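J.: The structure that follows is given in the form of structure tokens.
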Amino acid sequence: MNTAILNADVQAFIIKNLNTNPAEIALKKTPFAAITIKELAQQIDCRKRCEKKLPLWFNTTGIYYPEKINIEQASSQITAAYKASLIKGLNVVDASGGFGVDTYYFAQQAKAVTHCELGTTLSQIAKHNLTLLGCPNVDFFAGDSLQFIKKNNKKIDTLFIDPSRRNTAGKVFKFADCEPNLAQNLPFYLQKADRIIVKAAPMLDITFGLNELKNVSAIHIVSVKNECKELLYIIDKDFTGVPNLVCVLLSPSQAPVLVCAKLGNEKNTPLSYCKIKQYLYEPDAAILKAGLFKTVCKLFDVGKLNPNSHLYTATILIPNFPGRILKIESVTAYSVFEKQNKKHHANVVCRNFNLQPEKIKKKFKIGNSDTQFLYFTTDNLDQKIVIMCKKVEINN
């Protein structure tokens with residue numbers, strides 16, 4: 001950590017060049033003897049990356065930025081704040097401290113938080129930044145979090161772990177293939193902590209993760225603006241029973257929307273398919289990830305178009321539906337749509353359809369639109385159809 005970067009004139013240079021391409025900066029000569037041009041380019045690049053993801057950090061003068069990968073791996077403010085709402089008790093250990101975003105939000109809720117980070121430099125950076133942001137209740141441990149927990153004599157109310165993959169080949173991974181080895185160390189962790197929150201990548205199969213863990217009381221599937229961001233396994237020491245599935249829809253402008261169901265209830269929920277009505281509903285990515293296709297019908301009184309389309313319909317507007325809401329303007333058989341010579345401007349969405357959106361846009365020369373949608377899908381009679389509809393904006 002080069003503390004010369006924190007000098008006022010250097011910080012002014014970083015802010016002044018915030019909108020300059022870091023690649024261009026890297027080709028110039030450094031104006032500061034104690035700082036390389038590479039370091040300046042890194043600070044500019046990483047600060048810019050935080051503008052939307054971490055606005056508190058971005059808008060605070062004197063923040064020190066680590067390598068790009070640490071910013072990419074860090075939680076966003078909105079997901080970190082939600083994780084902090086799940087902690088239990090007053091003493092929290094963040095075993096995967098990193099850039100310190102989760103730690104900061106844990107510190108807003110807990111009495112004492114320990115930030116553990118294997119990388120010495122990153123630990124120093126996090127300490128500087130969190131001190132600057134006003135977190136006097138955070139201690140820092142630079143080293144293996146497992147060793148810290150073994151030596152720690154204080155009660156841990158909540159232990160947060162974001163295991164990193166040792167082998168990045170392929171898309172499917174096991175907790176046993178991560179560092180720390182969660183599957184191997186879970187019995188020990190449960191001796192030390194009342195609650196464990198495990199963060200996993202959204203690509204992980206929910207049931208696959210459950211097979212490696214025990215005492216899981218809930219699984220939170222977190223999405224931001226209809227993009228699934230992370231899975232959170234909540235492990236409680238004394239829990240026995242069936243876990244809850246909690247779909248969490250986050251937005252910067254609205255309170256979190258939660259859709260809950262018991263794991264396994266989906267299988268036993270009755271379902272029938274229906275023809276298209278006045279409104280079309282497309283569930284949020286978190287609900288699709290959770291596989292709550294039948295539960296959606298039960299909770300929101302909508303009908304499903306087709307077993308594989310994952311689109312829903314109703315005669316009335318359901319303003320609290322967790323996902324995209326559209327008013328249907330027309331429904332056309334795909335064979336008829338092909339023969340029409342109409343120009344369209346719309347967002348193209350394909351669900352249970354044999355063509356990809358880009359190919360459809362190119363084939364029919366469809367322009368872009370902010371509000372109009374064309375859904376290419378399959379209905380309850382297994383017929384290929386095109387639904388023209390307009391997005392309904394709900395003001396909360």
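Chains: A, B, ... in order of the structure tokens. Residues: from 1 per chain. Ligands: from 1, in order shown.
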Find the nearest atom pair between each residue of range 29-62 of chain A and range 12-23 of chain A for residues within 8 Å, count only C-alpha atoms, give distances in Å to one decimal, sort rows by chain and ascending number, and present the table as CSV.

T.:
residue,atom,partner,partner_atom,distance
A:Leu40,CA,A:Ile14,CA,7.2
A:Ala41,CA,A:Pro22,CA,5.0
A:Gln42,CA,A:Pro22,CA,7.3
A:Gln43,CA,A:Ile14,CA,7.1
A:Ile44,CA,A:Leu18,CA,5.6
A:Asp45,CA,A:Pro22,CA,5.8
A:Arg47,CA,A:Leu18,CA,7.8
A:Lys48,CA,A:Leu18,CA,6.5

J.: Among the residues of range 97-141 of chain A, find those DSSP assigns to strand (DSSP E) from the backbone and print them as a PDB file with N, CA and C atoms, in the first residue's frame.

T.:
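Ended up saving to selection.pdb:
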ATOM      1  N   ALA A 112     -19.449  -5.524  17.469  1.00  0.00           N
ATOM      2  CA  ALA A 112     -18.040  -5.751  17.144  1.00  0.00           C
ATOM      3  C   ALA A 112     -17.936  -6.657  15.926  1.00  0.00           C
ATOM      4  N   VAL A 113     -17.062  -6.284  14.986  1.00  0.00           N
ATOM      5  CA  VAL A 113     -16.855  -7.050  13.757  1.00  0.00           C
ATOM      6  C   VAL A 113     -15.357  -7.257  13.572  1.00  0.00           C
ATOM      7  N   THR A 114     -14.984  -8.471  13.179  1.00  0.00           N
ATOM      8  CA  THR A 114     -13.586  -8.746  12.835  1.00  0.00           C
ATOM      9  C   THR A 114     -13.495  -9.016  11.348  1.00  0.00           C
ATOM     10  N   HIS A 115     -12.641  -8.271  10.669  1.00  0.00           N
ATOM     11  CA  HIS A 115     -12.387  -8.396   9.234  1.00  0.00           C
ATOM     12  C   HIS A 115     -11.145  -9.272   9.060  1.00  0.00           C
ATOM     13  N   CYS A 116     -11.334 -10.466   8.484  1.00  0.00           N
ATOM     14  CA  CYS A 116     -10.218 -11.375   8.237  1.00  0.00           C
ATOM     15  C   CYS A 116      -9.879 -11.375   6.752  1.00  0.00           C
ATOM     16  N   GLU A 117      -8.626 -11.194   6.446  1.00  0.00           N
ATOM     17  CA  GLU A 117      -8.201 -11.168   5.039  1.00  0.00           C
ATOM     18  C   GLU A 117      -6.800 -11.746   4.929  1.00  0.00           C
ATOM     19  N   VAL A 138     -14.583  -2.133  14.276  1.00  0.00           N
ATOM     20  CA  VAL A 138     -14.029  -3.188  13.426  1.00  0.00           C
ATOM     21  C   VAL A 138     -12.567  -3.434  13.772  1.00  0.00           C
ATOM     22  N   ASP A 139     -12.235  -4.709  14.011  1.00  0.00           N
ATOM     23  CA  ASP A 139     -10.845  -5.127  14.176  1.00  0.00           C
ATOM     24  C   ASP A 139     -10.403  -5.842  12.903  1.00  0.00           C
ATOM     25  N   PHE A 140      -9.101  -5.895  12.683  1.00  0.00           N
ATOM     26  CA  PHE A 140      -8.579  -6.460  11.443  1.00  0.00           C
ATOM     27  C   PHE A 140      -7.560  -7.546  11.742  1.00  0.00           C
ATOM     28  N   PHE A 141      -7.699  -8.663  11.030  1.00  0.00           N
ATOM     29  CA  PHE A 141      -6.766  -9.767  11.151  1.00  0.00           C
ATOM     30  C   PHE A 141      -6.248 -10.113   9.766  1.00  0.00           C
TER      31      PHE A 141
END

J.: Which residue out of A:Gln147, A:Thr371, A:Asn7, A:Pro357 has the minimum interatomic distance to Ile35 in chain A when only C-alpha atoms are used?

T.: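 With only C-alpha atoms as the atom set, the closest residue is A:Asn7.
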
J.: Just checking: using only C-alpha atoms, which residue out of A:Phe160, A:Phe32, A:Tyr334, A:Tyr273 ends up closest to Gly97 in chain A?

T.: A:Phe160

J.: I'd like the neighbourhood of range 203-208 of chain A as a PyMOL selection string, where a residue qualifies if any of its atoms comes within 12 Å (using only C-alpha atoms), though same-chain residues fewer than 5 positions away should be ignored.

T.: chain A and resi 165+170-176+213-214+216+218-221+227-233+243-246+263-264+286+288-291

J.: Go through A:Lys362, A:Lys298, A:Lys38, A:Lys384 one by one, measure the shortest atom-to-atom distance of each to Thr332 in chain A using only C-alpha atoms, and give the residue with the smallest value.

T.: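 Distance minimum relative to Thr332 in chain A lands on A:Lys384.
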
J.: Need the shell around range 178-195 of chain A: protein/DNA/RNA residues with any atom at most 7 Å away, counting only C-alpha atoms. Skip same-chain ones fewer than 2 positions apart. Format as a ChimeraX atom specification?

T.: /A:88,155-159,163-166,175-176,197,212-213,235-237

J.: Expressed in Å to a single decimal, how great is the separation between CA of Gly62 in chain A and CA of Asp162 in chain A?

T.: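 A separation of 27.1 Å between them.
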
J.: With DSSP run on the backbone, what are the helix (DSSP H, G or I) residues within range 92-282 of chain A? I'd like them as JSON, numbers by chain.

T.: {"A": [101, 102, 103, 104, 105, 106, 107, 108, 109, 120, 121, 122, 123, 124, 125, 126, 127, 128, 129, 130, 131, 132, 145, 146, 147, 148, 149, 150, 151, 175, 176, 177, 182, 183, 184, 185, 186, 187, 188, 189, 190, 191, 192, 206, 207, 208, 209, 210, 211, 212, 265, 266, 267, 268]}

J.: So, with only C-alpha atoms as the atoms that count, which of A:Leu292, A:Cys135, A:Val101, A:Ile125 lies closest to Ile5 in chain A?

T.: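 Nearest candidate to Ile5 in chain A out of A:Leu292, A:Cys135, A:Val101, A:Ile125: A:Ile125.
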